[in-house]
Amino acid sequence: MARLSELSEHERDHLLKMREQAPRLEPKHWVSGPALSKRRVAIVSTAGLHAGSDSAFAPGEGATGYRVIASDTNPVTLMMSHISVNFDRSGFRRDPEIVFPLSRLKELADEGVIGSVADYHYSFMGAPFPPTRFEGKAKELAALLHRDRVDAAILLPV
Amino acid sequence: MSAIGHYLESAGIATASISLVREHTEVMQPPRALWVPFPLGRPLGVPHNAAFQRKVLKALLGLFERHSGPVLEDFKEDAPPDTAWAPTDVQGEACPVFFDSPPEQAGELLSVLRDELDQLAPWQALAAHRRGASAFGLAGQTPAALAGQLVALTDASSTSSSDWQSAKLAVDDLRTFYEEAAASQPSPLAPAALAEWFYTKTQLGRLLHTLRQLGLAHEDATARQIADRMLIPRKFHVDH
């Protein structure tokens with residue numbers, strides 16, 4: 001269904017327009033690391049997720065702010081405040097793992113598929129335009145991930 | 001998402017991202033990406049199917065075993081059917097609630113909205129019980145208070161951009177309330193039908209269309225932007 005041919009005409013046109021306007025970033029960085037079974041993994045989402053006690057994302061926030069989600073958070077208590085109305089939320093309503101698979105990740109750590117799960121995970125809300133505006137916050141996040149000894153970040157859009 | 005991949009990688013963190021729109025990932029070229037053929041909003045494919053979610057996650061994590069990139073791989077398996085969905089449309093009895101004629105007066109609108117909320121409330125409570133928590137509660141108010149806030153916006157002589165930002169939060173919260181309620185009924189509607197029901201068949205959906213028209217004519221740019229893009233999905237706009 002995320003095939004463009006299966007989306008509505010308006011949605012398809014919008015996404016194609018965004019593709020035309022997207023900046024071309026040179027793929028010049030590649031970080032090597034240990035085997036997957038030794039890696040410490042964090043989730044970085046753009047689904048506008050946050051703890052119930054945390055503040056909701058606001059339309060004026062500029063899409064570069066993020067919220068911290070501790071690893072001992074029960075995913076069913078997560079809230080979603082996203083400015084876009086153009087994606088399905090019913091899956092998240094029923095099972096937050098479909099957007100934020102923290103329990104799945106912990107299962108894979110228990111089985112030795114990955115080394116461990118990070119203590120902290122992060123969520124942005126959507127993407128600013130142009131997405132190059134992410135640079136400052138992404139580098140801030142990288143410093144936090146290093147301090148959590150993370151060597152693999154999985155990036156999950158919505 | 002792709003830009004975050006570039007920036008984290010440049011700062012020494014290896015990344016692998018799920019791609020929902022392959023065409024975007026192709027031009028942005030993040031270091032490692034797995035395109036998945038799932039609906040927007042469902043990056044792991046299907047709710048309550050741990051085995052399938054693990055399969056997607058393992059395919060994504062497997063990209064960390066690659067030695068060079070950028071890598072853009074396809075996850076070729078479609079999501080299995082979401083067995084909770086009903087093979088039906090949004091007409092008549094399939095609707096979680098159904099009202100036929102729109103009210104004429106604002107006072108009456110609020111009353112009809114409250115009836116709608118009352119009908120949905122037990123189902124939403126059931127959904128919250130089953131899930132262990134509710135995603136409703138962003139605005140920290142009751143559904144009736146949120147509905148009152150939106151109706152008041154249609155009646156106000158002047159409104160500020162913060163009124164519209166607050167209304168956006170109220171709309172998101174009410175959408176959660178409606179969708180949680182609808183999803184807990186027998187044979188719940190599939191996502192596309194659920195959205196069609198919410199935006200075109202409910203009293204709240206009708207109110208949103210009224211609010212959108214009011215906001216589009218607002219002198220404040222933030223209010224216009226919220227009305228234009230953040231209340232109703234593009235496919236349900238009546239003026240596109």
# chains A, B, ... in the order shown; residues from 1 in each chain; ligands from 1
$ residues_around --residues "range 137-145 of chain A" --least-positions-apart "4" --cutoff "9 Å" --atoms "only C-alpha atoms" --output "CSV table (one decimal) with N, CA and C atoms, in the first residue's frame"
chain,number,residue,atom,x,y,z
A,42,ALA,N,19.2,1.2,19.3
A,42,ALA,CA,18.2,2.2,19.8
A,42,ALA,C,17.2,2.5,18.6
A,64,THR,N,11.6,19.7,14.4
A,64,THR,CA,13.0,19.3,14.8
A,64,THR,C,13.1,18.9,16.2
A,65,GLY,N,12.1,19.2,17.0
A,65,GLY,CA,12.1,18.8,18.4
A,65,GLY,C,11.9,17.3,18.6
A,66,TYR,N,12.4,16.7,19.6
A,66,TYR,CA,12.2,15.3,19.8
A,66,TYR,C,11.9,15.0,21.3
A,118,ALA,N,19.1,-0.3,23.8
A,118,ALA,CA,19.6,1.0,24.5
A,118,ALA,C,18.7,1.3,25.6
A,120,TYR,N,17.7,4.4,26.2
A,120,TYR,CA,16.8,5.5,25.7
A,120,TYR,C,16.6,5.4,24.2
A,121,HIS,N,15.4,5.8,23.8
A,121,HIS,CA,15.0,5.9,22.4
A,121,HIS,C,14.4,7.3,22.2
A,122,TYR,N,14.2,7.6,20.9
A,122,TYR,CA,13.8,9.0,20.6
A,122,TYR,C,12.7,9.1,19.5
A,133,ARG,N,17.1,20.6,7.8
A,133,ARG,CA,17.0,21.3,9.0
A,133,ARG,C,17.1,20.3,10.2
A,149,ARG,N,26.1,4.2,24.6
A,149,ARG,CA,26.9,3.1,24.0
A,149,ARG,C,26.2,2.4,22.8
A,150,VAL,N,25.3,3.2,22.1
A,150,VAL,CA,24.6,2.7,21.0
A,150,VAL,C,25.5,2.6,19.7
A,151,ASP,N,25.5,1.5,19.1
A,151,ASP,CA,26.2,1.4,17.8
A,151,ASP,C,25.3,0.9,16.6
A,153,ALA,N,21.4,2.4,15.2
A,153,ALA,CA,20.1,3.1,15.4
A,153,ALA,C,19.2,2.6,14.3
B,3,ALA,N,17.4,11.8,5.9
B,3,ALA,CA,18.3,12.9,6.3
B,3,ALA,C,18.9,12.6,7.7
B,4,ILE,N,18.1,12.1,8.6
B,4,ILE,CA,18.6,11.7,10.0
B,4,ILE,C,19.6,10.6,9.8
B,5,GLY,N,19.4,9.7,8.9
B,5,GLY,CA,20.4,8.6,8.7
B,5,GLY,C,21.7,9.2,8.3
B,7,TYR,N,22.9,12.2,8.8
B,7,TYR,CA,23.5,13.0,9.9
B,7,TYR,C,24.0,12.2,11.1
B,8,LEU,N,23.3,11.1,11.4
B,8,LEU,CA,23.7,10.3,12.5
B,8,LEU,C,25.0,9.5,12.1
B,9,GLU,N,24.9,9.0,10.8
B,9,GLU,CA,26.1,8.3,10.3
B,9,GLU,C,27.3,9.2,10.3
B,10,SER,N,27.1,10.4,9.9
B,10,SER,CA,28.3,11.3,9.8
B,10,SER,C,28.8,11.6,11.2
B,11,ALA,N,28.0,11.4,12.2
B,11,ALA,CA,28.5,11.6,13.6
B,11,ALA,C,28.9,10.3,14.3
B,12,GLY,N,29.0,9.3,13.5
B,12,GLY,CA,29.6,8.0,14.0
B,12,GLY,C,28.6,7.0,14.5
B,13,ILE,N,27.3,7.2,14.2
B,13,ILE,CA,26.3,6.2,14.6
B,13,ILE,C,25.8,5.4,13.4
$ closest_atom_pairs --of "chain A" --to "chain B" --cutoff "7 Å" --atoms "only C-alpha atoms" --output "CSV"
residue,atom,partner,partner_atom,distance
A:Met1,CA,B:Pro39,CA,4.6
A:Ala2,CA,B:Pro39,CA,4.8
A:Arg3,CA,B:Pro37,CA,6.3
A:Ser8,CA,B:Lys235,CA,7.0
A:His10,CA,B:Lys235,CA,6.2
A:Arg19,CA,B:His24,CA,5.3
A:Arg24,CA,B:Met28,CA,5.7
A:Leu25,CA,B:Met28,CA,6.1
A:Pro27,CA,B:Gln29,CA,6.2
A:His29,CA,B:Ser10,CA,5.5
A:Trp30,CA,B:Glu9,CA,6.3
A:Val31,CA,B:Ala14,CA,5.1
A:Ser32,CA,B:Ala14,CA,6.9
A:Ala35,CA,B:Glu65,CA,6.7
A:Leu36,CA,B:Phe64,CA,6.5
A:Ala56,CA,B:Leu138,CA,6.6
A:Pro59,CA,B:Gln165,CA,6.6
A:Val76,CA,B:Ala133,CA,5.9
A:Thr77,CA,B:Ala133,CA,5.8
A:Leu78,CA,B:Ala135,CA,6.8
A:Met79,CA,B:Ala135,CA,5.2
A:Ile83,CA,B:Met230,CA,5.8
A:Ser84,CA,B:Met230,CA,5.8
A:Val85,CA,B:Pro233,CA,5.2
A:Asn86,CA,B:Pro233,CA,5.0
A:Phe87,CA,B:Gly41,CA,5.0
A:Asp88,CA,B:Gly41,CA,4.7
A:Arg89,CA,B:Gly41,CA,5.9
A:Ser90,CA,B:Pro191,CA,6.3
A:Gly91,CA,B:Pro47,CA,5.6
A:Arg93,CA,B:Glu180,CA,6.4
A:Arg94,CA,B:Pro47,CA,6.7
A:Asp95,CA,B:Pro47,CA,5.2
A:Ile98,CA,B:Leu44,CA,4.8
A:Val99,CA,B:Pro43,CA,5.9
A:Arg104,CA,B:Arg54,CA,6.2
A:Pro131,CA,B:Ala3,CA,6.0
A:Thr132,CA,B:Ala3,CA,6.5
A:Phe134,CA,B:Ile4,CA,6.5
A:Glu135,CA,B:Tyr7,CA,6.0
A:Ala138,CA,B:Ile4,CA,5.9
A:Lys139,CA,B:Leu8,CA,6.3
A:Ala142,CA,B:Leu8,CA,5.6
A:Asp151,CA,B:Ile13,CA,5.7
A:Ala152,CA,B:Ala14,CA,5.0
A:Ala153,CA,B:Thr15,CA,4.8
A:Ile154,CA,B:Ala16,CA,5.0
A:Leu155,CA,B:Ser17,CA,4.3
A:Leu156,CA,B:Ile18,CA,5.5
A:Pro157,CA,B:Met1,CA,6.3
A:Val158,CA,B:Gly41,CA,4.4
$ closest_residue --among "A:Arg67, A:Lys28, A:His146, A:Lys38" --to "Ala51 in chain A" --atoms "only C-alpha atoms"
A:Arg67
$ select_by_dssp --residues "range 4-158 of chain A" --states "helix (DSSP H, G or I)" --output "ChimeraX atom specification"
/A:4-6,9-21,36-38,59-61,75-77,90-94,96-98,102-110,131-147
$ atom_distance --atom1 "CA of Phe92 in chain A" --atom2 "CA of Arg40 in chain A"
25.2 Å
$ closest_residue --among "B:Leu214, B:Leu72, B:Val112, B:Ala170" --to "Thr202 in chain B" --atoms "only C-alpha atoms"
B:Val112
$ closest_residue --among "A:Glu6, A:Asp13, A:Asp72, A:Asp54" --to "Val117 in chain A" --atoms "only C-alpha atoms"
A:Asp72
